[in-house]
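Visitor: Supplied in structure tokens, the structure appears directly below.
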Amino acid sequence: MDYGGISVSSNIIMTATTEEEPDAAQPYFDFDVPRNLTVTVGQTGFLHCRVERLGDQDVAWIRQRDLHILTMGASTYTSDQRFQLIRPEGSVNWTLQIKYPQTRDSGVYECQINTEPKMSLSYVLNVIELRARILGPSDLFIKSGSEITIVCVIQQGPHELGTVFWYKGNTLVEPATQENDIHSGDRGRITIETDWTDALTSRLKIKRAVQGDTGNYTCVPTMARSASVYAHVISGEHPAAMQHNAVPATNTTNPSLRHSMCILLLLHLAALLHLLSWDHIGPGRIGGQRNILRRPVHSGARLHRPSPVPPCGAPDFHAHLPS
């Protein structure tokens, strides 16, 4: 059944509090109305209560979670102007309208007749929040001259989801009036395709991308939260070199490993220095053999000294090498 453009379930949530069949003098509820309503955030909801043979009685709408009387008869008893009673003159329909509903408005609402004992019928309102989702990564890298394609999806809600608008930064993307199209005479370079199947899908396509197309693109549905993606149009062959909000490159070498390597190198140099010093001041023979470090250097040969110490705070041992 459709009320005010909103399709809802017809499940019965509660029956009237009176169990006896209504007699000719008593008002009664028409049960052939939907009592389980689901809307999206911001979409106006309507709870329809139909009362027959009301006579001189009044109908009230009550929010069950805090027992707040929202309306009584034609009067409204809440400062929240989003709640309003709709009842044409002489009609049996007492409709509670909820404008711009939020998730906090979800819950049970009662339509009550002020008879003795009171009669009431309960309704359930479900307010859900839909979110748009852009397929793929949050950063796109497109080579200049290629086509940009951004796909935005909103899962089908309880009702029609309206349409989708695209923004580049704070500027609405309008395919027929793009600046690039006007200057180049190439209309149709930017297109938007929207279709409704199991989900609402919108595709933004930009042909022959140029540097000016770089920017933040946002999919803004009328009945769901928006989603964004950043598109980089580059001319080089290495898109990874261009990162949005990239962190400057740093040395990723493990500090403890580097420290250990420095210590090992220093120990090696210290041992070599010890041998050279012993050769310079010690006996010519060690263990009955001539020290090989005392052998004369052939003409033209050069003594290879240790490589410079890496910059890790080590002292310079070169000044202590024997001449």
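Ordered as shown in the structure tokens, chains take letters A, B, and onward, while each chain numbers its residues from 1 and ligands are numbered from 1 in the order shown.
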List as a ChimeraX atom specification the protein and nucleic acid residues near Arg87 (chain A), meaning an atom at most 12 Å away when only C-alpha atoms are counted, but skip any in the same chain fewer than 4 places from it.
Guide: /A:46-51,59,71-75,91-97
Visitor: Pull the strand (DSSP E) assignments for region 34-273 of chain A out of DSSP run on the backbone, and list those residues as a count of residues only.
Guide: 104
Visitor: Could you check the closest approach to Asn170 (chain A) for each of A:Val220, A:Val233, A:Val108, A:Leu276 and tell me which residue wins, using only C-alpha atoms?
Guide: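 Ranked by minimum distance to Asn170 (chain A), first place goes to A:Val220.
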Visitor: Could you check the closest approach to Gln43 (chain A) for each of A:Thr201, A:Thr214, A:Thr191, A:Thr222 and tell me which residue wins, using only C-alpha atoms?
Guide: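 Ranking A:Thr201, A:Thr214, A:Thr191, A:Thr222 by distance to Gln43 (chain A), first place goes to A:Thr222.
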Visitor: Hey, what's within 10 Å of region 123-133 of chain A if we count only C-alpha atoms and toss same-chain stuff fewer than 4 positions away? As a CSV table (one decimal) with all heavy atoms, in the first residue's frame, please?
Guide:
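around.csv was written with the following content:
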```
chain,number,residue,atom,x,y,z
A,11,ASN,N,2.4,-5.4,8.0
A,11,ASN,CA,2.3,-6.2,9.2
A,11,ASN,C,1.7,-5.6,10.4
A,11,ASN,O,1.9,-4.4,10.6
A,11,ASN,CB,3.8,-6.6,9.6
A,11,ASN,CG,4.4,-7.5,8.6
A,11,ASN,OD1,3.8,-8.1,7.8
A,11,ASN,ND2,5.8,-7.4,8.5
A,12,ILE,N,0.9,-6.3,11.1
A,12,ILE,CA,0.2,-5.8,12.3
A,12,ILE,C,1.1,-5.9,13.5
A,12,ILE,O,1.6,-6.9,13.7
A,12,ILE,CB,-1.1,-6.5,12.6
A,12,ILE,CG1,-2.1,-6.3,11.4
A,12,ILE,CG2,-1.7,-6.1,13.9
A,12,ILE,CD1,-3.4,-7.0,11.5
A,13,ILE,N,1.3,-4.7,14.2
A,13,ILE,CA,2.2,-4.7,15.3
A,13,ILE,C,1.5,-5.0,16.6
A,13,ILE,O,1.9,-5.8,17.4
A,13,ILE,CB,3.0,-3.4,15.4
A,13,ILE,CG1,3.7,-3.1,14.1
A,13,ILE,CG2,4.0,-3.4,16.5
A,13,ILE,CD1,4.6,-4.2,13.7
A,14,MET,N,0.3,-4.3,16.8
A,14,MET,CA,-0.5,-4.6,18.0
A,14,MET,C,-1.9,-4.4,17.6
A,14,MET,O,-2.3,-3.7,16.6
A,14,MET,CB,-0.1,-3.6,19.1
A,14,MET,CG,1.1,-3.9,19.9
A,14,MET,SD,1.3,-2.7,21.2
A,14,MET,CE,-0.2,-2.9,22.1
A,34,PRO,N,-1.1,0.2,7.1
A,34,PRO,CA,0.2,-0.2,7.5
A,34,PRO,C,0.6,0.4,8.9
A,34,PRO,O,0.4,1.5,9.2
A,34,PRO,CB,1.1,0.3,6.4
A,34,PRO,CG,0.4,1.5,5.9
A,34,PRO,CD,-1.1,1.2,6.0
A,35,ARG,N,1.3,-0.5,9.7
A,35,ARG,CA,1.7,0.0,11.0
A,35,ARG,C,3.2,-0.3,11.2
A,35,ARG,O,3.7,-0.1,12.4
A,35,ARG,CB,0.9,-0.7,12.1
A,35,ARG,CG,-0.4,0.0,12.3
A,35,ARG,CD,-1.4,-0.9,13.0
A,35,ARG,NE,-2.1,-1.7,12.0
A,35,ARG,CZ,-3.0,-2.6,12.3
A,35,ARG,NH1,-3.3,-2.9,13.6
A,35,ARG,NH2,-3.6,-3.3,11.3
A,36,ASN,N,3.9,-0.6,10.2
A,36,ASN,CA,5.4,-0.8,10.3
A,36,ASN,C,6.0,0.0,9.2
A,36,ASN,O,6.0,-0.4,8.0
A,36,ASN,CB,5.8,-2.2,10.2
A,36,ASN,CG,7.2,-2.5,10.6
A,36,ASN,OD1,8.0,-1.6,10.7
A,36,ASN,ND2,7.6,-3.8,10.7
A,37,LEU,N,6.5,1.2,9.5
A,37,LEU,CA,7.0,2.2,8.5
A,37,LEU,C,8.5,2.3,8.6
A,37,LEU,O,9.1,2.5,9.6
A,37,LEU,CB,6.3,3.5,8.7
A,37,LEU,CG,6.8,4.7,7.9
A,37,LEU,CD1,6.4,4.5,6.4
A,37,LEU,CD2,6.2,6.0,8.4
A,38,THR,N,9.1,2.2,7.4
A,38,THR,CA,10.6,2.4,7.3
A,38,THR,C,10.9,3.5,6.3
A,38,THR,O,10.4,3.5,5.2
A,38,THR,CB,11.3,1.1,6.8
A,38,THR,OG1,11.0,0.1,7.8
A,38,THR,CG2,12.8,1.4,6.8
A,39,VAL,N,11.6,4.5,6.8
A,39,VAL,CA,12.0,5.7,6.0
A,39,VAL,C,13.5,5.9,6.1
A,39,VAL,O,14.1,5.3,7.0
A,39,VAL,CB,11.3,6.9,6.3
A,39,VAL,CG1,9.8,6.8,6.1
A,39,VAL,CG2,11.5,7.3,7.8
A,40,THR,N,14.1,6.7,5.2
A,40,THR,CA,15.5,7.0,5.3
A,40,THR,C,15.6,8.4,6.0
A,40,THR,O,14.6,9.1,6.1
A,40,THR,CB,16.1,7.1,3.9
A,40,THR,OG1,15.4,8.1,3.1
A,40,THR,CG2,16.1,5.7,3.3
A,41,VAL,N,16.8,8.7,6.5
A,41,VAL,CA,17.0,9.9,7.2
A,41,VAL,C,16.7,11.1,6.3
A,41,VAL,O,17.1,11.1,5.1
A,41,VAL,CB,18.5,10.0,7.7
A,41,VAL,CG1,18.8,11.4,8.2
A,41,VAL,CG2,18.8,9.0,8.8
A,42,GLY,N,15.8,12.0,6.8
A,42,GLY,CA,15.5,13.2,6.0
A,42,GLY,C,14.2,13.0,5.1
A,42,GLY,O,13.7,14.0,4.6
A,43,GLN,N,13.7,11.8,5.0
A,43,GLN,CA,12.6,11.5,4.2
A,43,GLN,C,11.3,11.5,5.0
A,43,GLN,O,11.2,10.8,6.0
A,43,GLN,CB,12.7,10.2,3.5
A,43,GLN,CG,11.6,9.8,2.5
A,43,GLN,CD,11.7,8.5,1.9
A,43,GLN,OE1,12.4,7.6,2.4
A,43,GLN,NE2,11.2,8.3,0.7
A,45,GLY,N,8.0,11.0,6.9
A,45,GLY,CA,7.2,9.8,7.1
A,45,GLY,C,5.8,10.1,7.6
A,45,GLY,O,5.5,11.1,8.2
A,46,PHE,N,4.9,9.2,7.3
A,46,PHE,CA,3.5,9.3,7.6
A,46,PHE,C,3.0,8.1,8.3
A,46,PHE,O,3.1,7.0,7.8
A,46,PHE,CB,2.6,9.6,6.4
A,46,PHE,CG,3.0,10.8,5.6
A,46,PHE,CD1,4.0,10.8,4.6
A,46,PHE,CD2,2.5,12.1,5.9
A,46,PHE,CE1,4.3,11.9,3.9
A,46,PHE,CE2,2.8,13.2,5.2
A,46,PHE,CZ,3.8,13.1,4.2
A,47,LEU,N,2.4,8.3,9.5
A,47,LEU,CA,1.7,7.2,10.3
A,47,LEU,C,0.2,7.5,10.2
A,47,LEU,O,-0.3,8.5,10.7
A,47,LEU,CB,2.2,7.2,11.7
A,47,LEU,CG,3.7,7.0,11.9
A,47,LEU,CD1,4.0,7.0,13.4
A,47,LEU,CD2,4.1,5.6,11.3
A,48,HIS,N,-0.5,6.5,9.6
A,48,HIS,CA,-1.9,6.7,9.3
A,48,HIS,C,-2.8,5.9,10.3
A,48,HIS,O,-2.7,4.7,10.4
A,48,HIS,CB,-2.3,6.2,7.9
A,48,HIS,CG,-1.5,7.0,6.8
A,48,HIS,ND1,-1.9,8.2,6.3
A,48,HIS,CD2,-0.4,6.7,6.1
A,48,HIS,CE1,-1.1,8.6,5.4
A,48,HIS,NE2,-0.1,7.7,5.3
A,49,CYS,N,-3.6,6.7,11.0
A,49,CYS,CA,-4.5,6.1,12.0
A,49,CYS,C,-6.0,6.4,11.5
A,49,CYS,O,-6.3,7.6,11.4
A,49,CYS,CB,-4.3,6.6,13.4
A,49,CYS,SG,-5.4,5.9,14.6
A,63,ARG,N,4.2,9.3,21.8
A,63,ARG,CA,5.5,8.6,21.6
A,63,ARG,C,5.8,7.7,22.8
A,63,ARG,O,5.8,8.2,23.9
A,63,ARG,CB,6.6,9.7,21.4
A,63,ARG,CG,7.9,9.1,21.1
A,63,ARG,CD,8.9,10.2,20.7
A,63,ARG,NE,9.0,11.2,21.7
A,63,ARG,CZ,9.4,12.5,21.5
A,63,ARG,NH1,9.7,12.9,20.2
A,63,ARG,NH2,9.5,13.4,22.5
A,64,GLN,N,5.9,6.5,22.6
A,64,GLN,CA,5.9,5.5,23.7
A,64,GLN,C,7.2,5.6,24.5
A,64,GLN,O,7.1,5.4,25.7
A,64,GLN,CB,5.7,4.1,23.1
A,64,GLN,CG,5.5,3.1,24.2
A,64,GLN,CD,5.3,1.7,23.6
A,64,GLN,OE1,6.3,1.0,23.3
A,64,GLN,NE2,4.0,1.2,23.5
A,98,ILE,N,5.9,13.2,10.2
A,98,ILE,CA,7.2,13.4,10.8
A,98,ILE,C,8.2,13.9,9.7
A,98,ILE,O,8.6,13.1,8.8
A,98,ILE,CB,7.8,12.2,11.4
A,98,ILE,CG1,6.9,11.6,12.4
A,98,ILE,CG2,9.1,12.5,12.1
A,98,ILE,CD1,6.1,10.4,11.9
A,101,PRO,N,13.0,13.1,9.4
A,101,PRO,CA,13.2,12.2,10.5
A,101,PRO,C,14.7,11.8,10.7
A,101,PRO,O,15.4,11.8,9.7
A,101,PRO,CB,12.4,11.0,10.1
A,101,PRO,CG,12.3,11.0,8.7
A,101,PRO,CD,12.2,12.5,8.3
A,102,GLN,N,15.1,11.6,11.9
A,102,GLN,CA,16.5,11.2,12.2
A,102,GLN,C,16.4,9.8,12.9
A,102,GLN,O,15.3,9.3,13.3
A,102,GLN,CB,17.1,12.2,13.2
A,102,GLN,CG,17.1,13.6,12.7
A,102,GLN,CD,17.9,13.8,11.4
A,102,GLN,OE1,19.0,13.3,11.3
A,102,GLN,NE2,17.3,14.4,10.4
A,103,THR,N,17.6,9.2,13.0
A,103,THR,CA,17.6,7.8,13.5
A,103,THR,C,17.0,7.8,15.0
A,103,THR,O,16.5,6.8,15.4
A,103,THR,CB,19.0,7.2,13.5
A,103,THR,OG1,19.9,8.1,14.2
A,103,THR,CG2,19.5,7.0,12.1
A,104,ARG,N,17.2,8.9,15.7
A,104,ARG,CA,16.7,8.9,17.1
A,104,ARG,C,15.2,8.9,17.1
A,104,ARG,O,14.6,8.7,18.2
A,104,ARG,CB,17.2,10.2,17.8
A,104,ARG,CG,16.7,11.5,17.2
A,104,ARG,CD,17.1,12.7,18.0
A,104,ARG,NE,16.6,13.9,17.5
A,104,ARG,CZ,17.1,14.7,16.6
A,104,ARG,NH1,18.2,14.3,16.0
A,104,ARG,NH2,16.6,15.8,16.2
A,105,ASP,N,14.5,9.2,16.0
A,105,ASP,CA,13.0,9.1,16.0
A,105,ASP,C,12.5,7.7,15.9
A,105,ASP,O,11.2,7.5,16.0
A,105,ASP,CB,12.5,10.0,14.9
A,105,ASP,CG,12.9,11.5,15.0
A,105,ASP,OD1,12.7,12.0,16.2
A,105,ASP,OD2,13.3,12.1,14.0
A,106,SER,N,13.3,6.8,15.7
A,106,SER,CA,12.9,5.4,15.5
A,106,SER,C,12.2,4.9,16.8
A,106,SER,O,12.7,5.3,17.9
A,106,SER,CB,14.0,4.4,15.2
A,106,SER,OG,14.6,4.8,13.9
A,107,GLY,N,11.2,4.1,16.7
A,107,GLY,CA,10.5,3.6,17.9
A,107,GLY,C,9.0,3.4,17.7
A,107,GLY,O,8.5,3.4,16.6
A,108,VAL,N,8.3,3.2,18.8
A,108,VAL,CA,6.9,2.9,18.8
A,108,VAL,C,6.1,4.2,19.1
A,108,VAL,O,6.4,5.0,20.0
A,108,VAL,CB,6.5,1.8,19.8
A,108,VAL,CG1,5.0,1.6,19.9
A,108,VAL,CG2,7.3,0.6,19.6
A,109,TYR,N,5.0,4.4,18.3
A,109,TYR,CA,4.1,5.5,18.4
A,109,TYR,C,2.7,4.9,18.5
A,109,TYR,O,2.4,4.0,17.8
A,109,TYR,CB,4.2,6.5,17.2
A,109,TYR,CG,5.5,7.2,17.1
A,109,TYR,CD1,6.6,6.5,16.6
A,109,TYR,CD2,5.7,8.5,17.5
A,109,TYR,CE1,7.9,7.2,16.5
A,109,TYR,CE2,6.9,9.1,17.5
A,109,TYR,CZ,8.0,8.5,16.9
A,109,TYR,OH,9.2,9.1,16.8
A,110,GLU,N,1.9,5.5,19.4
A,110,GLU,CA,0.5,5.0,19.7
A,110,GLU,C,-0.5,6.0,19.2
A,110,GLU,O,-0.4,7.2,19.5
A,110,GLU,CB,0.3,4.7,21.1
A,110,GLU,CG,1.1,3.5,21.6
A,110,GLU,CD,0.7,3.1,23.1
A,110,GLU,OE1,-0.1,3.9,23.7
A,110,GLU,OE2,1.3,2.2,23.6
A,111,CYS,N,-1.5,5.5,18.5
A,111,CYS,CA,-2.7,6.3,18.2
A,111,CYS,C,-3.7,5.9,19.2
A,111,CYS,O,-4.1,4.7,19.4
A,111,CYS,CB,-3.2,5.9,16.8
A,111,CYS,SG,-4.7,6.8,16.3
A,151,VAL,N,32.7,5.3,-10.0
A,151,VAL,CA,31.4,4.6,-9.8
A,151,VAL,C,30.9,4.8,-8.4
A,151,VAL,O,31.6,4.4,-7.4
A,151,VAL,CB,31.4,3.1,-10.2
A,151,VAL,CG1,30.1,2.5,-10.0
A,151,VAL,CG2,32.0,3.0,-11.6
A,152,CYS,N,29.7,5.3,-8.2
A,152,CYS,CA,29.1,5.5,-6.8
A,152,CYS,C,27.9,4.6,-6.7
A,152,CYS,O,27.0,4.6,-7.6
A,152,CYS,CB,28.7,7.0,-6.7
A,152,CYS,SG,28.0,7.4,-5.1
A,153,VAL,N,27.8,3.9,-5.6
A,153,VAL,CA,26.7,2.9,-5.4
A,153,VAL,C,26.0,3.2,-4.1
A,153,VAL,O,26.7,3.4,-3.1
A,153,VAL,CB,27.3,1.5,-5.4
A,153,VAL,CG1,26.2,0.5,-5.1
A,153,VAL,CG2,27.9,1.2,-6.8
A,154,ILE,N,24.7,3.2,-4.1
A,154,ILE,CA,23.9,3.2,-2.9
A,154,ILE,C,23.0,2.0,-2.9
A,154,ILE,O,22.2,1.9,-3.8
A,154,ILE,CB,23.1,4.5,-2.8
A,154,ILE,CG1,24.0,5.8,-2.9
A,154,ILE,CG2,22.3,4.6,-1.5
A,154,ILE,CD1,24.0,6.3,-4.3
A,155,GLN,N,23.1,1.2,-1.9
A,155,GLN,CA,22.2,0.0,-1.8
A,155,GLN,C,20.8,0.4,-1.7
A,155,GLN,O,20.4,1.4,-1.0
A,155,GLN,CB,22.6,-0.9,-0.6
A,155,GLN,CG,24.0,-1.5,-0.7
A,155,GLN,CD,24.1,-2.4,-1.9
A,155,GLN,OE1,23.2,-3.1,-2.3
A,155,GLN,NE2,25.3,-2.3,-2.6
A,156,GLN,N,19.9,-0.3,-2.4
A,156,GLN,CA,18.5,0.1,-2.5
A,156,GLN,C,17.9,0.1,-1.1
A,156,GLN,O,18.0,-0.8,-0.3
A,156,GLN,CB,17.7,-0.9,-3.3
A,156,GLN,CG,16.3,-0.6,-3.6
A,156,GLN,CD,16.2,0.7,-4.3
A,156,GLN,OE1,16.8,0.9,-5.3
A,156,GLN,NE2,15.3,1.6,-3.9
A,157,GLY,N,17.3,1.2,-0.7
A,157,GLY,CA,16.6,1.3,0.5
A,157,GLY,C,15.1,0.9,0.4
A,157,GLY,O,14.7,0.3,-0.5
A,158,PRO,N,14.3,1.3,1.4
A,158,PRO,CA,12.9,0.9,1.4
A,158,PRO,C,12.1,1.7,0.4
A,158,PRO,O,11.0,1.3,0.0
A,158,PRO,CB,12.4,1.3,2.8
A,158,PRO,CG,13.4,2.4,3.3
A,158,PRO,CD,14.7,2.0,2.6
A,161,LEU,N,15.3,6.2,-4.2
A,161,LEU,CA,16.5,7.0,-3.6
A,161,LEU,C,16.7,8.3,-4.2
A,161,LEU,O,17.7,9.0,-3.9
A,161,LEU,CB,17.7,6.1,-3.7
A,161,LEU,CG,17.7,4.8,-2.8
A,161,LEU,CD1,19.0,4.0,-3.1
A,161,LEU,CD2,17.6,5.2,-1.3
A,164,VAL,N,21.4,11.5,-7.9
A,164,VAL,CA,22.8,11.7,-7.4
A,164,VAL,C,23.4,12.9,-8.1
A,164,VAL,O,23.3,13.1,-9.3
A,164,VAL,CB,23.7,10.5,-7.6
A,164,VAL,CG1,25.1,10.8,-7.3
A,164,VAL,CG2,23.2,9.3,-6.9
A,200,LEU,N,21.2,1.9,-6.5
A,200,LEU,CA,21.3,3.1,-7.3
A,200,LEU,C,22.8,3.3,-7.6
A,200,LEU,O,23.6,3.4,-6.7
A,200,LEU,CB,20.8,4.3,-6.5
A,200,LEU,CG,21.0,5.7,-7.1
A,200,LEU,CD1,20.4,5.8,-8.4
A,200,LEU,CD2,20.5,6.8,-6.1
A,201,THR,N,23.1,3.3,-8.9
A,201,THR,CA,24.5,3.4,-9.4
A,201,THR,C,24.6,4.6,-10.3
A,201,THR,O,23.9,4.8,-11.2
A,201,THR,CB,24.9,2.1,-10.2
A,201,THR,OG1,24.7,1.0,-9.3
A,201,THR,CG2,26.3,2.2,-10.6
A,218,THR,N,33.1,14.2,-5.3
A,218,THR,CA,32.1,13.7,-4.3
A,218,THR,C,30.8,13.3,-4.9
A,218,THR,O,30.2,14.1,-5.7
A,218,THR,CB,31.9,14.8,-3.2
A,218,THR,OG1,33.1,15.2,-2.7
A,218,THR,CG2,31.0,14.3,-2.1
A,219,CYS,N,30.3,12.2,-4.5
A,219,CYS,CA,29.0,11.6,-5.0
A,219,CYS,C,28.0,12.0,-3.9
A,219,CYS,O,28.2,11.6,-2.7
A,219,CYS,CB,29.1,10.1,-5.1
A,219,CYS,SG,27.5,9.3,-5.2
A,220,VAL,N,27.0,12.8,-4.2
A,220,VAL,CA,26.1,13.4,-3.2
A,220,VAL,C,24.6,12.9,-3.6
A,220,VAL,O,24.0,13.5,-4.4
A,220,VAL,CB,26.1,14.9,-3.2
A,220,VAL,CG1,25.2,15.4,-2.1
A,220,VAL,CG2,27.5,15.4,-2.9
A,221,PRO,N,24.2,11.8,-3.0
A,221,PRO,CA,22.8,11.4,-3.2
A,221,PRO,C,21.8,12.2,-2.5
A,221,PRO,O,22.1,12.8,-1.4
A,221,PRO,CB,22.8,9.9,-2.7
A,221,PRO,CG,24.2,9.6,-2.4
A,221,PRO,CD,24.9,10.9,-2.2
A,223,MET,N,19.2,11.0,-0.9
A,223,MET,CA,18.7,10.3,0.2
A,223,MET,C,19.7,9.4,1.0
A,223,MET,O,19.4,8.4,1.6
A,223,MET,CB,17.5,9.4,-0.2
A,223,MET,CG,16.3,10.1,-0.6
A,223,MET,SD,15.6,11.0,0.8
A,223,MET,CE,14.2,11.9,-0.1
A,224,ALA,N,21.0,9.8,0.9
A,224,ALA,CA,22.1,9.1,1.5
A,224,ALA,C,23.2,10.0,1.8
A,224,ALA,O,23.4,11.1,1.2
A,224,ALA,CB,22.5,7.9,0.7
A,225,ARG,N,24.1,9.5,2.6
A,225,ARG,CA,25.4,10.3,2.9
A,225,ARG,C,26.3,10.2,1.8
A,225,ARG,O,26.4,9.2,1.1
A,225,ARG,CB,26.0,9.8,4.2
A,225,ARG,CG,25.1,10.0,5.5
A,225,ARG,CD,25.9,9.8,6.7
A,225,ARG,NE,27.0,10.8,6.8
A,225,ARG,CZ,27.8,10.9,7.9
A,225,ARG,NH1,27.6,10.0,8.9
A,225,ARG,NH2,28.8,11.8,8.0
A,226,SER,N,27.1,11.2,1.6
A,226,SER,CA,28.0,11.3,0.4
A,226,SER,C,29.2,10.5,0.6
A,226,SER,O,29.6,10.0,1.7
A,226,SER,CB,28.3,12.8,0.2
A,226,SER,OG,29.0,13.3,1.3
A,227,ALA,N,30.0,10.3,-0.5
A,227,ALA,CA,31.3,9.6,-0.5
A,227,ALA,C,32.2,10.4,-1.5
A,227,ALA,O,31.7,11.0,-2.5
A,227,ALA,CB,31.1,8.2,-0.9
A,228,SER,N,33.5,10.3,-1.2
A,228,SER,CA,34.5,11.1,-2.0
A,228,SER,C,35.7,10.2,-2.5
A,228,SER,O,36.0,9.2,-1.8
A,228,SER,CB,35.0,12.3,-1.2
A,228,SER,OG,34.0,13.2,-0.9
A,229,VAL,N,36.3,10.7,-3.5
A,229,VAL,CA,37.5,10.1,-4.0
A,229,VAL,C,38.4,11.2,-4.6
A,229,VAL,O,37.9,12.2,-5.1
A,229,VAL,CB,37.2,9.0,-5.1
A,229,VAL,CG1,36.6,9.6,-6.3
A,229,VAL,CG2,38.5,8.2,-5.4
```
